[in-house]
file model.csv (CSV, C-alpha atoms and all ligand atoms)
chain,number,residue,atom,x,y,z
P,950,MET,CA,0.0,0.0,0.0
P,951,ALA,CA,1.1,3.6,-0.6
P,952,ALA,CA,2.7,5.5,2.2
P,953,ALA,CA,1.0,8.5,3.9
P,954,GLY,CA,1.6,12.1,2.6
P,955,PRO,CA,0.5,13.8,-0.7
P,956,ALA,CA,0.7,11.8,-4.0
P,957,GLU,CA,3.8,12.6,-6.1
P,958,VAL,CA,2.1,11.8,-9.4
P,959,VAL,CA,-1.6,12.7,-9.9
P,960,VAL,CA,-3.4,11.5,-13.1
P,961,VAL,CA,-6.6,13.1,-14.3
P,962,GLY,CA,-7.9,10.8,-17.0
P,963,SER,CA,-9.7,7.8,-18.3
P,964,CYS,CA,-10.4,4.2,-17.3
P,965,MET,CA,-11.7,1.7,-19.9
P,966,THR,CA,-12.5,-2.0,-19.7
P,967,ASP,CA,-11.1,-3.7,-22.8
P,968,LEU,CA,-13.4,-6.6,-24.0
P,969,VAL,CA,-11.3,-8.5,-26.5
P,970,SER,CA,-12.4,-11.2,-28.8
P,971,LEU,CA,-9.9,-13.1,-31.0
P,972,THR,CA,-11.4,-14.4,-34.3
P,973,THR,CA,-10.0,-15.8,-37.6
P,974,ARG,CA,-11.6,-12.9,-39.5
P,975,LEU,CA,-13.6,-9.7,-38.8
P,976,PRO,CA,-17.4,-10.1,-39.1
P,977,LYS,CA,-19.3,-8.3,-41.9
P,978,ALA,CA,-22.3,-6.0,-41.1
P,979,GLY,CA,-25.2,-8.2,-39.7
P,980,GLU,CA,-23.0,-11.3,-39.5
P,981,THR,CA,-22.4,-13.4,-36.4
P,982,ILE,CA,-19.2,-15.3,-36.2
P,983,HIS,CA,-17.5,-17.5,-33.6
P,984,GLY,CA,-14.2,-16.4,-32.0
P,985,HIS,CA,-11.7,-18.7,-30.3
P,986,LYS,CA,-10.7,-16.6,-27.3
P,987,PHE,CA,-12.1,-13.8,-25.1
P,988,PHE,CA,-10.4,-11.8,-22.4
P,989,ILE,CA,-11.0,-8.7,-20.3
P,990,GLY,CA,-8.2,-6.2,-19.8
P,991,PHE,CA,-7.8,-3.0,-17.8
P,992,GLY,CA,-7.1,0.0,-20.1
P,993,GLY,CA,-7.7,3.7,-20.7
P,994,LYS,CA,-4.8,6.0,-21.2
P,995,GLY,CA,-5.0,7.8,-17.9
P,996,ALA,CA,-5.2,4.6,-15.9
P,997,ASN,CA,-2.5,3.0,-17.9
P,998,GLN,CA,-0.1,5.8,-17.2
P,999,CYS,CA,-0.9,5.9,-13.5
P,1000,ILE,CA,-0.4,2.1,-13.2
P,1001,GLN,CA,3.1,2.4,-14.8
P,1002,ALA,CA,4.1,5.3,-12.6
P,1003,ALA,CA,2.9,3.3,-9.5
P,1004,ARG,CA,4.7,0.1,-10.5
P,1005,LEU,CA,8.0,2.1,-10.7
P,1006,GLY,CA,7.4,3.3,-7.1
P,1007,ALA,CA,5.8,6.7,-7.3
P,1008,LYS,CA,3.1,7.6,-4.8
P,1009,THR,CA,0.2,8.0,-7.2
P,1010,LEU,CA,-3.4,9.2,-7.1
P,1011,MET,CA,-6.0,8.8,-9.9
P,1012,ILE,CA,-8.8,11.3,-10.5
P,1013,CYS,CA,-11.4,9.6,-12.7
P,1014,LYS,CA,-15.0,8.4,-13.0
P,1015,VAL,CA,-16.3,4.9,-13.4
P,1016,GLY,CA,-19.8,3.4,-13.4
P,1017,LYS,CA,-21.6,1.9,-10.4
P,1018,ASP,CA,-21.3,-1.5,-12.1
P,1019,SER,CA,-19.1,-4.5,-11.9
P,1020,PHE,CA,-16.5,-3.2,-14.3
P,1021,GLY,CA,-16.3,-0.1,-12.2
P,1022,ASN,CA,-15.9,-2.1,-9.0
P,1023,ASP,CA,-13.2,-4.3,-10.6
P,1024,TYR,CA,-11.3,-1.2,-11.8
P,1025,ILE,CA,-11.2,0.3,-8.3
P,1026,GLU,CA,-9.8,-3.1,-7.0
P,1027,ASN,CA,-7.2,-2.9,-9.8
P,1028,PHE,CA,-6.0,0.5,-8.7
P,1029,LYS,CA,-5.8,-0.7,-5.1
P,1030,ARG,CA,-3.8,-3.8,-6.0
P,1031,ASN,CA,-1.3,-1.4,-7.6
P,1032,GLY,CA,-1.1,0.8,-4.6
P,1033,ILE,CA,-2.9,3.8,-6.2
P,1034,SER,CA,-5.0,6.1,-4.1
P,1035,THR,CA,-8.7,5.8,-5.1
P,1036,ASP,CA,-9.9,8.6,-2.8
P,1037,PHE,CA,-11.0,10.6,-6.0
P,1038,VAL,CA,-12.3,7.7,-8.1
P,1039,GLY,CA,-16.0,8.5,-8.5
P,1040,GLN,CA,-18.7,6.0,-9.3
P,1041,THR,CA,-21.8,7.3,-11.1
P,1042,GLU,CA,-25.2,5.7,-11.8
P,1043,ASP,CA,-25.7,7.8,-14.8
P,1044,ALA,CA,-23.3,6.0,-17.2
P,1045,ALA,CA,-21.5,2.7,-17.6
P,1046,THR,CA,-17.8,2.3,-17.0
P,1047,GLY,CA,-15.9,3.2,-20.2
P,1048,ALA,CA,-15.5,0.2,-22.4
P,1049,ALA,CA,-13.6,-0.7,-25.5
P,1050,SER,CA,-15.1,-3.7,-27.5
P,1051,ILE,CA,-12.2,-5.0,-29.6
P,1052,ILE,CA,-12.1,-7.7,-32.2
P,1053,VAL,CA,-8.7,-8.9,-33.5
P,1054,ASN,CA,-8.3,-11.3,-36.4
P,1055,SER,CA,-5.5,-13.7,-37.0
P,1056,GLU,CA,-3.6,-11.1,-39.1
P,1057,GLY,CA,-3.6,-8.7,-36.1
P,1058,GLN,CA,-6.1,-6.3,-37.8
P,1059,ASN,CA,-8.8,-5.0,-35.4
P,1060,VAL,CA,-12.0,-3.2,-35.2
P,1061,ILE,CA,-12.7,-1.2,-32.0
P,1062,VAL,CA,-15.7,0.5,-30.5
P,1063,ILE,CA,-15.1,2.8,-27.6
P,1064,VAL,CA,-17.9,4.0,-25.4
P,1065,ALA,CA,-16.3,6.6,-23.0
P,1066,GLY,CA,-19.4,6.5,-20.7
P,1067,ALA,CA,-18.6,7.5,-17.2
P,1068,ASN,CA,-15.3,9.1,-18.3
P,1069,LEU,CA,-17.2,12.0,-19.9
P,1070,LEU,CA,-19.0,12.7,-16.6
P,1071,LEU,CA,-15.8,13.6,-14.7
P,1072,ASP,CA,-16.5,17.3,-14.1
P,1073,SER,CA,-15.3,20.6,-12.5
P,1074,GLU,CA,-16.9,19.6,-9.1
P,1075,ASP,CA,-14.8,16.5,-9.1
P,1076,LEU,CA,-11.6,18.5,-9.7
P,1077,LYS,CA,-12.5,21.0,-7.0
P,1078,ARG,CA,-12.9,18.2,-4.5
P,1079,ALA,CA,-9.4,17.0,-5.4
P,1080,ALA,CA,-7.8,20.5,-5.6
P,1081,ASN,CA,-5.6,19.9,-2.6
P,1082,ALA,CA,-4.1,16.7,-4.1
P,1083,ILE,CA,-3.6,18.4,-7.5
P,1084,CYS,CA,-1.9,21.4,-6.0
P,1085,LYS,CA,0.4,19.3,-3.8
P,1086,ALA,CA,1.6,16.9,-6.5
P,1087,LYS,CA,5.0,17.0,-8.1
P,1088,VAL,CA,3.7,16.0,-11.5
P,1089,ILE,CA,0.2,15.9,-13.0
P,1090,ILE,CA,-0.6,14.0,-16.2
P,1091,CYS,CA,-3.6,14.7,-18.4
P,1092,GLN,CA,-4.8,13.3,-21.8
P,1093,LEU,CA,-7.8,13.7,-24.0
P,1094,GLU,CA,-10.0,10.6,-23.3
P,1095,ILE,CA,-12.1,12.6,-20.9
P,1096,THR,CA,-13.9,15.9,-21.7
P,1097,PRO,CA,-11.1,18.1,-23.0
P,1098,ALA,CA,-12.3,21.2,-21.0
P,1099,ILE,CA,-11.8,19.2,-17.8
P,1100,SER,CA,-8.3,18.1,-18.8
P,1101,LEU,CA,-7.5,21.8,-19.5
P,1102,GLU,CA,-9.0,22.9,-16.2
P,1103,ALA,CA,-6.9,20.3,-14.3
P,1104,LEU,CA,-3.7,21.4,-16.1
P,1105,LYS,CA,-4.4,25.0,-15.3
P,1106,MET,CA,-5.0,24.3,-11.6
P,1107,ALA,CA,-1.7,22.4,-11.4
P,1108,TYR,CA,0.3,24.9,-13.5
P,1109,SER,CA,-0.8,27.9,-11.5
P,1110,ASN,CA,0.4,26.1,-8.3
P,1111,GLY,CA,3.8,25.3,-9.7
P,1112,VAL,CA,3.1,21.6,-10.3
P,1113,LYS,CA,4.9,20.2,-13.3
P,1114,THR,CA,2.4,19.5,-16.1
P,1115,LEU,CA,2.8,16.6,-18.4
P,1116,PHE,CA,0.2,16.6,-21.2
P,1117,ASN,CA,-0.3,13.7,-23.7
P,1118,PRO,CA,-2.7,14.9,-26.5
P,1119,ALA,CA,-4.2,11.5,-27.1
P,1120,PRO,CA,-6.4,10.8,-28.9
P,1121,ALA,CA,-5.4,13.8,-31.0
P,1122,HIS,CA,-7.9,16.6,-31.8
P,1123,ALA,CA,-6.9,18.8,-34.8
P,1124,GLU,CA,-8.6,21.9,-33.1
P,1125,LEU,CA,-6.8,21.7,-29.8
P,1126,ASP,CA,-7.5,24.7,-27.5
P,1127,PRO,CA,-4.3,26.7,-27.7
P,1128,GLN,CA,-4.1,26.9,-23.9
P,1129,PHE,CA,-3.1,23.3,-23.8
P,1130,TYR,CA,0.2,24.3,-25.3
P,1131,THR,CA,0.8,27.3,-22.9
P,1132,HIS,CA,0.0,25.2,-19.8
P,1133,SER,CA,2.2,22.2,-20.7
P,1134,ASP,CA,5.6,21.9,-19.1
P,1135,ILE,CA,6.1,18.7,-21.1
P,1136,PHE,CA,4.0,18.0,-24.2
P,1137,CYS,CA,4.4,14.4,-25.2
P,1138,CYS,CA,2.8,13.0,-28.4
P,1139,ASN,CA,3.4,10.2,-30.9
P,1140,GLU,CA,3.9,10.4,-34.6
P,1141,SER,CA,0.3,10.4,-35.7
P,1142,GLU,CA,-0.8,12.9,-33.0
P,1143,ALA,CA,2.1,15.1,-34.1
P,1144,GLU,CA,0.8,15.1,-37.7
P,1145,ILE,CA,-2.8,15.8,-36.7
P,1146,LEU,CA,-1.7,18.7,-34.6
P,1147,THR,CA,0.8,20.3,-37.0
P,1148,GLY,CA,0.0,18.9,-40.4
P,1149,ILE,CA,3.7,17.7,-40.6
P,1150,PRO,CA,3.9,13.9,-41.5
P,1151,VAL,CA,6.4,12.3,-39.2
P,1152,GLY,CA,8.6,9.5,-40.6
P,1153,SER,CA,12.0,10.4,-39.1
P,1154,PRO,CA,13.7,12.1,-36.2
P,1155,GLU,CA,14.2,15.2,-38.5
P,1156,ASP,CA,10.5,15.5,-39.1
P,1157,ALA,CA,9.9,15.1,-35.3
P,1158,GLY,CA,12.3,18.0,-34.7
P,1159,LYS,CA,10.2,20.2,-37.1
P,1160,VAL,CA,7.1,19.3,-35.2
P,1161,GLY,CA,8.9,20.1,-31.9
P,1162,LEU,CA,9.8,23.6,-33.2
P,1163,VAL,CA,6.2,24.3,-34.2
P,1164,LEU,CA,4.9,23.2,-30.8
P,1165,LEU,CA,7.5,25.3,-28.9
P,1166,GLU,CA,6.2,28.3,-30.9
P,1167,ARG,CA,2.7,27.5,-29.7
P,1168,GLY,CA,3.9,27.8,-26.1
P,1169,CYS,CA,5.1,24.4,-24.9
P,1170,LYS,CA,8.2,24.4,-22.7
P,1171,LEU,CA,9.5,21.0,-23.7
P,1172,VAL,CA,8.2,18.7,-26.5
P,1173,ILE,CA,8.8,15.0,-26.8
P,1174,VAL,CA,7.7,13.2,-30.0
P,1175,THR,CA,7.8,9.4,-29.6
P,1176,LEU,CA,9.0,7.3,-32.6
P,1177,GLY,CA,8.3,3.7,-31.6
P,1178,ALA,CA,11.4,1.6,-32.0
P,1179,GLU,CA,13.4,4.7,-32.8
P,1180,GLY,CA,12.8,6.1,-29.3
P,1181,CYS,CA,12.0,9.8,-29.4
P,1182,VAL,CA,13.0,13.4,-30.1
P,1183,MET,CA,13.1,16.1,-27.5
P,1184,ILE,CA,13.3,19.8,-27.9
P,1185,SER,CA,12.9,22.6,-25.3
P,1186,VAL,CA,12.8,26.4,-24.9
P,1187,ASP,CA,16.1,26.1,-23.1
P,1188,GLU,CA,17.7,23.9,-25.8
P,1189,PRO,CA,15.8,24.6,-29.0
P,1190,ILE,CA,17.9,22.2,-31.1
P,1191,PRO,CA,16.1,18.8,-31.6
P,1192,LYS,CA,17.8,15.9,-29.9
P,1193,HIS,CA,17.2,12.3,-30.9
P,1194,VAL,CA,17.2,9.9,-27.9
P,1195,PRO,CA,17.2,6.4,-29.3
P,1196,ALA,CA,15.6,3.4,-27.7
P,1197,GLY,CA,17.5,0.1,-27.2
P,1198,LYS,CA,17.1,-2.7,-29.7
P,1199,VAL,CA,14.6,-5.3,-28.4
P,1200,ARG,CA,12.5,-8.1,-29.8
P,1201,ALA,CA,9.0,-6.5,-29.8
P,1202,VAL,CA,6.1,-9.0,-29.3
P,1203,ASP,CA,3.3,-6.5,-28.7
P,1204,THR,CA,3.7,-2.7,-28.7
P,1205,THR,CA,0.2,-2.0,-27.4
P,1206,GLY,CA,0.3,0.5,-24.5
P,1207,ALA,CA,4.0,1.4,-25.1
P,1208,GLY,CA,3.1,5.1,-25.3
P,1209,ASP,CA,1.3,5.1,-22.0
P,1210,SER,CA,4.2,3.1,-20.3
P,1211,PHE,CA,6.6,5.8,-21.6
P,1212,VAL,CA,4.4,8.7,-20.3
P,1213,GLY,CA,3.9,7.0,-16.9
P,1214,ALA,CA,7.7,6.4,-16.6
P,1215,LEU,CA,8.4,10.0,-17.5
P,1216,ALA,CA,6.1,11.2,-14.7
P,1217,PHE,CA,7.8,8.8,-12.2
P,1218,PHE,CA,11.3,9.9,-13.0
P,1219,MET,CA,10.4,13.6,-13.0
P,1220,ALA,CA,8.6,13.4,-9.7
P,1221,CYS,CA,11.0,11.1,-7.8
P,1222,TYR,CA,14.4,12.2,-9.4
P,1223,PRO,CA,13.9,15.9,-9.9
P,1224,ASN,CA,17.7,16.4,-10.3
P,1225,LEU,CA,18.0,14.2,-13.4
P,1226,SER,CA,18.4,16.0,-16.7
P,1227,MET,CA,15.4,15.6,-19.0
P,1228,GLU,CA,17.6,13.7,-21.5
P,1229,GLU,CA,18.4,11.2,-18.8
P,1230,VAL,CA,14.7,11.0,-17.7
P,1231,ILE,CA,13.8,10.3,-21.4
P,1232,ARG,CA,16.5,7.7,-21.8
P,1233,LYS,CA,15.3,5.8,-18.7
P,1234,SER,CA,11.6,6.1,-19.9
P,1235,ASN,CA,12.6,4.7,-23.3
P,1236,PHE,CA,14.1,1.7,-21.5
P,1237,ILE,CA,10.9,1.1,-19.4
P,1238,ALA,CA,8.6,1.4,-22.5
P,1239,SER,CA,10.9,-1.0,-24.4
P,1240,VAL,CA,10.4,-3.6,-21.6
P,1241,SER,CA,6.6,-3.2,-22.1
P,1242,VAL,CA,6.8,-4.1,-25.8
P,1243,GLN,CA,8.4,-7.4,-24.9
P,1244,ALA,CA,5.3,-8.7,-23.2
P,1245,SER,CA,1.7,-8.9,-24.4
P,1246,GLY,CA,-1.3,-6.8,-23.4
P,1247,THR,CA,-1.3,-3.3,-22.0
P,1248,GLN,CA,-1.1,-3.0,-18.2
P,1249,SER,CA,-0.2,-6.7,-18.1
P,1250,SER,CA,3.1,-5.8,-19.9
P,1251,TYR,CA,4.1,-2.9,-17.6
P,1252,PRO,CA,7.2,-3.8,-15.5
P,1253,TYR,CA,7.5,-3.4,-11.7
P,1254,ARG,CA,10.5,-1.8,-10.1
P,1255,LYS,CA,11.6,-5.0,-8.5
P,1256,ASP,CA,12.0,-6.7,-11.9
P,1257,LEU,CA,14.1,-4.0,-13.5
P,1258,PRO,CA,17.8,-3.3,-13.4
P,1259,GLN,CA,18.4,-1.5,-10.1
P,1260,ASP,CA,20.8,1.0,-11.7
P,1261,LEU,CA,17.7,2.7,-13.2
P,1262,PHE,CA,16.8,4.0,-9.8
P,1301,LIG,N1,9.8,-1.7,-31.1
P,1301,LIG,C1,10.2,-1.0,-30.0
P,1301,LIG,N2,11.4,-1.2,-29.5
P,1301,LIG,C2,11.9,-0.5,-28.4
P,1301,LIG,N3,11.1,0.5,-27.8
P,1301,LIG,C3,9.9,0.7,-28.3
P,1301,LIG,C4,9.4,0.0,-29.4
P,1301,LIG,N4,8.1,0.5,-29.7
P,1301,LIG,C5,7.9,1.5,-28.7
P,1301,LIG,N5,9.0,1.6,-27.9
P,1301,LIG,C6,9.1,2.6,-26.8
P,1301,LIG,O1,7.8,3.1,-26.5
P,1301,LIG,C7,7.8,4.5,-26.7
P,1301,LIG,C8,6.4,4.9,-27.2
P,1301,LIG,O2,6.2,4.2,-28.4
P,1301,LIG,P1,5.3,4.8,-29.6
P,1301,LIG,O3,5.9,6.0,-30.2
P,1301,LIG,O4,5.0,3.6,-30.6
P,1301,LIG,O5,4.0,5.2,-28.8
P,1301,LIG,P2,2.5,5.0,-29.2
P,1301,LIG,O6,2.3,5.1,-30.7
P,1301,LIG,O7,1.7,6.0,-28.4
P,1301,LIG,O8,2.2,3.6,-28.8
P,1301,LIG,P3,0.9,2.7,-28.6
P,1301,LIG,O9,-0.2,3.5,-29.3
P,1301,LIG,O10,1.3,1.4,-29.2
P,1301,LIG,O11,0.7,2.7,-27.1
P,1301,LIG,C9,8.9,4.8,-27.6
P,1301,LIG,O12,9.4,6.1,-27.5
P,1301,LIG,C10,10.0,3.8,-27.2
P,1301,LIG,O13,10.6,4.3,-26.0
P,1302,K,K,2.8,-4.5,-24.6

call {"tool": "encode", "arguments": {"input": "model.csv", "output": "structure tokens", "more": "lines below"}}
Ligand SMILES: Nc1ncnc2c1ncn2[C@@H]1O[C@H](COP(=O)(O)OP(=O)(O)OP(=O)(O)O)[C@@H](O)[C@H]1O
Ligand SMILES: [K+]
result
Amino acid sequence: MAAAGPAEVVVVGSCMTDLVSLTTRLPKAGETIHGHKFFIGFGGKGANQCIQAARLGAKTLMICKVGKDSFGNDYIENFKRNGISTDFVGQTEDAATGAASIIVNSEGQNVIVIVAGANLLLDSEDLKRAANAICKAKVIICQLEITPAISLEALKMAYSNGVKTLFNPAPAHAELDPQFYTHSDIFCCNESEAEILTGIPVGSPEDAGKVGLVLLERGCKLVIVTLGAEGCVMISVDEPIPKHVPAGKVRAVDTTGAGDSFVGALAFFMACYPNLSMEEVIRKSNFIASVSVQASGTQSSYPYRKDLPQDLF
């Protein structure tokens, strides 16, 4: 269980239950087919990032909303098992816990339906109740799987109290409120999000550097563009020359959830090792995320501190 005292990493974001069916092919409209395997997974970008930060040893707190249903109860248990404070996990009767129904065929192609449900009912009142925790955190993480105005409100609350803000604009919206840029200490996106936000297609570290410059001009303090197996590119107001931080070579078996592992690790190292340079924080986060791609599933692939090389800490 987490120790007493304020949480170091606070996440304001989503929880989703993944309902996954494996089939040989995807069904056509109106068709019923039989799959060969079904499993339920814990997902949602906010929760994933919180779980990774907690498994590395940060004192974490989740601010989110689930339904008053069995998926919601199970999700709260999942947070508790990972040592995450659930004081501000609300349960509503007005919507179901967020769910992603996923069908994957034998070629690995998928169709996905997401019903955000209770995630969209997280509101200003919920943030006000958690204001003390937000303002005492070392790092706050927000994404876009809840109502964007609520993410922005949380970022502003944290920013105005000197809490480091880490914003992950996922899933990307082309018309992002410009205040997201000016209230992000760290703005971390992947290649496709980078393209949606800037119109610059990203296929190389050079392209990522161009994106970084555009996002600095929009007001971010430090931009990270993740590049899958290539690691990522960072650029900051203090050092406005793009720097490629490569990831180690590994045998990837399932890259699902790598981006959230990376963001959770970033928050952990920023909160718990404030004297590390950002380049070192990013190098270590690349390593953590590269461990996650060597195991299947999302949260199920996220490493625990005890299983990692101890020179990371
Ligand atoms: N094949 C890989 N080998 C090593 N590291 C990887 C690999 N794929 C991803 N990573 C690590 O994970 C980080 C995030 O990956 P990526 O840029 O693919 O994020 P993403 O597109 O948001 O991922 P996803 O949507 O699959 O969660 C990378 O910066 C890198 O550190
Ligand atoms: K994985």

call {"tool": "residues_near_ligand", "arguments": {"input": "model.csv", "ligand": "ligand LIG 1301 (chain P)", "cutoff": "6 Å", "atoms": "all atoms listed in the file", "output": "list in words"}}
result
Asn1139, Thr1175, Leu1176, Gly1177, Ala1178, Gly1180, Cys1181, Ala1196, Gly1197, Lys1198, Val1199, Ala1201, Thr1204, Thr1205, Gly1206, Ala1207, Gly1208, Asp1209, Phe1211, Asn1235, Ala1238 and Ser1239 of chain P

call {"tool": "closest_residue", "arguments": {"input": "model.csv", "among": "P:Val1202, P:Cys1221, P:Val1088, P:Leu1093", "to": "ligand K 1302 (chain P)", "atoms": "only C-alpha atoms and all ligand atoms"}}
result
P:Val1202

call {"tool": "atom_distance", "arguments": {"input": "model.csv", "atom1": "CA of Pro1154 (chain P)", "atom2": "CA of Cys1091 (chain P)"}}
result
25.0 Å

call {"tool": "residues_near_ligand", "arguments": {"input": "model.csv", "ligand": "ligand K 1302 (chain P)", "cutoff": "8 Å", "atoms": "all atoms listed in the file", "output": "list in words"}}
result
Val1202, Asp1203, Thr1204, Thr1205, Gly1206, Ala1207, Ser1241, Val1242, Gln1243, Ala1244, Ser1245, Gly1246, Thr1247, Gln1248, Ser1249, Ser1250 and Tyr1251 of chain P

call {"tool": "write_last_selection", "arguments": {"input": "model.csv", "atoms": "C-alpha atoms", "output": "compact mmCIF listing (two decimals), in the frame of the given file"}}
result
# COMPACT_ATOMS: atom_id res chain seq x y z
CA VAL P 1202 6.10 -9.00 -29.30
CA ASP P 1203 3.30 -6.50 -28.70
CA THR P 1204 3.70 -2.70 -28.70
CA THR P 1205 0.20 -2.00 -27.40
CA GLY P 1206 0.30 0.50 -24.50
CA ALA P 1207 4.00 1.40 -25.10
CA SER P 1241 6.60 -3.20 -22.10
CA VAL P 1242 6.80 -4.10 -25.80
CA GLN P 1243 8.40 -7.40 -24.90
CA ALA P 1244 5.30 -8.70 -23.20
CA SER P 1245 1.70 -8.90 -24.40
CA GLY P 1246 -1.30 -6.80 -23.40
CA THR P 1247 -1.30 -3.30 -22.00
CA GLN P 1248 -1.10 -3.00 -18.20
CA SER P 1249 -0.20 -6.70 -18.10
CA SER P 1250 3.10 -5.80 -19.90
CA TYR P 1251 4.10 -2.90 -17.60

call {"tool": "residues_around", "arguments": {"input": "model.csv", "residues": "Ile1231 (chain P)", "least_positions_apart": "4", "cutoff": "8 Å", "atoms": "all atoms listed in the file", "output": "list in words"}}
result
Val1194, Leu1215, Met1227 and Asn1235 of chain P

call {"tool": "residues_near_point", "arguments": {"input": "model.csv", "point": "(5.2, 5.5, -17.0)", "cutoff": "9 Å", "atoms": "only C-alpha atoms", "output": "MDAnalysis selection string"}}
result
chainID P and resid 997:1005 1208:1218 1234 1237:1238 1251

call {"tool": "closest_residue", "arguments": {"input": "model.csv", "among": "P:Leu971, P:Ile1012, P:Leu1261, P:Ala1049", "to": "Ile1095 (chain P)", "atoms": "all atoms listed in the file"}}
result
P:Ile1012

call {"tool": "closest_residue", "arguments": {"input": "model.csv", "among": "P:Lys1159, P:Phe988, P:Gly979, P:Ala1119", "to": "Glu1142 (chain P)", "atoms": "only C-alpha atoms"}}
result
P:Ala1119

call {"tool": "atom_distance", "arguments": {"input": "model.csv", "atom1": "CA of Glu1166 (chain P)", "atom2": "CA of Glu1228 (chain P)"}}
result
20.8 Å

call {"tool": "atom_distance", "arguments": {"input": "model.csv", "atom1": "CA of His1193 (chain P)", "atom2": "CA of Asn1224 (chain P)"}}
result
21.0 Å

call {"tool": "residues_around", "arguments": {"input": "model.csv", "residues": "region 1183-1189 of chain P", "least_positions_apart": "2", "cutoff": "8 Å", "atoms": "all atoms listed in the file", "output": "NGL selection string"}}
result
:P and (1158 or 1161-1162 or 1165 or 1169-1174 or 1181 or 1191-1194 or 1228)

call {"tool": "residues_around", "arguments": {"input": "model.csv", "residues": "Ala1086 (chain P)", "least_positions_apart": "3", "cutoff": "12 Å", "atoms": "all atoms listed in the file", "output": "PyMOL selection string"}}
result
chain P and resi 954-961+1007-1011+1079-1083+1089-1090+1104+1106-1108+1110-1115+1216-1217+1219-1221

call {"tool": "residues_around", "arguments": {"input": "model.csv", "residues": "Gln1058 (chain P)", "least_positions_apart": "5", "cutoff": "9 Å", "atoms": "only C-alpha atoms", "output": "MDAnalysis selection string"}}
result
chainID P and resid 974:975 1052:1053

call {"tool": "write_last_selection", "arguments": {"input": "model.csv", "atoms": "C-alpha atoms", "output": "mmCIF file, in the frame of the given file"}}
result
data_model
loop_
_atom_site.group_PDB
_atom_site.id
_atom_site.type_symbol
_atom_site.label_atom_id
_atom_site.label_comp_id
_atom_site.auth_asym_id
_atom_site.auth_seq_id
_atom_site.Cartn_x
_atom_site.Cartn_y
_atom_site.Cartn_z
ATOM 1 C CA ARG P 974 -11.600 -12.900 -39.500
ATOM 2 C CA LEU P 975 -13.600 -9.700 -38.800
ATOM 3 C CA ILE P 1052 -12.100 -7.700 -32.200
ATOM 4 C CA VAL P 1053 -8.700 -8.900 -33.500
#

call {"tool": "closest_residue", "arguments": {"input": "model.csv", "among": "P:Gly1039, P:Gly1168, P:Gly1032, P:Gly990", "to": "Gln1128 (chain P)", "atoms": "only C-alpha atoms"}}
result
P:Gly1168

call {"tool": "build_atoms", "arguments": {"input": "model.csv", "residues": "region 1036-1048 of chain P", "atoms": "N, CA and C atoms", "output": "PDB file, keeping the file's coordinate frame"}}
result
ATOM      1  N   ASP P1036      -9.087   7.691  -3.561  1.00  0.00           N
ATOM      2  CA  ASP P1036      -9.900   8.600  -2.800  1.00  0.00           C
ATOM      3  C   ASP P1036     -10.781   9.496  -3.807  1.00  0.00           C
ATOM      4  N   PHE P1037     -10.260   9.714  -5.025  1.00  0.00           N
ATOM      5  CA  PHE P1037     -11.000  10.600  -6.000  1.00  0.00           C
ATOM      6  C   PHE P1037     -11.379   9.798  -7.246  1.00  0.00           C
ATOM      7  N   VAL P1038     -11.646   8.502  -7.073  1.00  0.00           N
ATOM      8  CA  VAL P1038     -12.300   7.700  -8.100  1.00  0.00           C
ATOM      9  C   VAL P1038     -13.754   7.716  -7.867  1.00  0.00           C
ATOM     10  N   GLY P1039     -14.521   8.450  -8.672  1.00  0.00           N
ATOM     11  CA  GLY P1039     -16.000   8.500  -8.500  1.00  0.00           C
ATOM     12  C   GLY P1039     -16.686   7.398  -9.148  1.00  0.00           C
ATOM     13  N   GLN P1040     -17.861   7.048  -8.605  1.00  0.00           N
ATOM     14  CA  GLN P1040     -18.700   6.000  -9.300  1.00  0.00           C
ATOM     15  C   GLN P1040     -20.069   6.675  -9.534  1.00  0.00           C
ATOM     16  N   THR P1041     -20.512   6.638 -10.778  1.00  0.00           N
ATOM     17  CA  THR P1041     -21.800   7.300 -11.100  1.00  0.00           C
ATOM     18  C   THR P1041     -22.803   6.206 -11.562  1.00  0.00           C
ATOM     19  N   GLU P1042     -24.089   6.523 -11.283  1.00  0.00           N
ATOM     20  CA  GLU P1042     -25.200   5.700 -11.800  1.00  0.00           C
ATOM     21  C   GLU P1042     -25.639   6.102 -13.144  1.00  0.00           C
ATOM     22  N   ASP P1043     -25.126   7.237 -13.622  1.00  0.00           N
ATOM     23  CA  ASP P1043     -25.700   7.800 -14.800  1.00  0.00           C
ATOM     24  C   ASP P1043     -25.025   7.352 -16.132  1.00  0.00           C
ATOM     25  N   ALA P1044     -23.969   6.564 -16.026  1.00  0.00           N
ATOM     26  CA  ALA P1044     -23.300   6.000 -17.200  1.00  0.00           C
ATOM     27  C   ALA P1044     -22.565   4.767 -16.830  1.00  0.00           C
ATOM     28  N   ALA P1045     -22.286   3.932 -17.813  1.00  0.00           N
ATOM     29  CA  ALA P1045     -21.500   2.700 -17.600  1.00  0.00           C
ATOM     30  C   ALA P1045     -20.012   3.055 -17.532  1.00  0.00           C
ATOM     31  N   THR P1046     -19.229   2.211 -16.881  1.00  0.00           N
ATOM     32  CA  THR P1046     -17.800   2.300 -17.000  1.00  0.00           C
ATOM     33  C   THR P1046     -17.348   2.333 -18.424  1.00  0.00           C
ATOM     34  N   GLY P1047     -16.379   3.161 -18.774  1.00  0.00           N
ATOM     35  CA  GLY P1047     -15.900   3.200 -20.200  1.00  0.00           C
ATOM     36  C   GLY P1047     -15.496   1.833 -20.635  1.00  0.00           C
ATOM     37  N   ALA P1048     -15.848   1.527 -21.894  1.00  0.00           N
ATOM     38  CA  ALA P1048     -15.500   0.200 -22.400  1.00  0.00           C
ATOM     39  C   ALA P1048     -15.051   0.277 -23.840  1.00  0.00           C
TER      40      ALA P1048
END
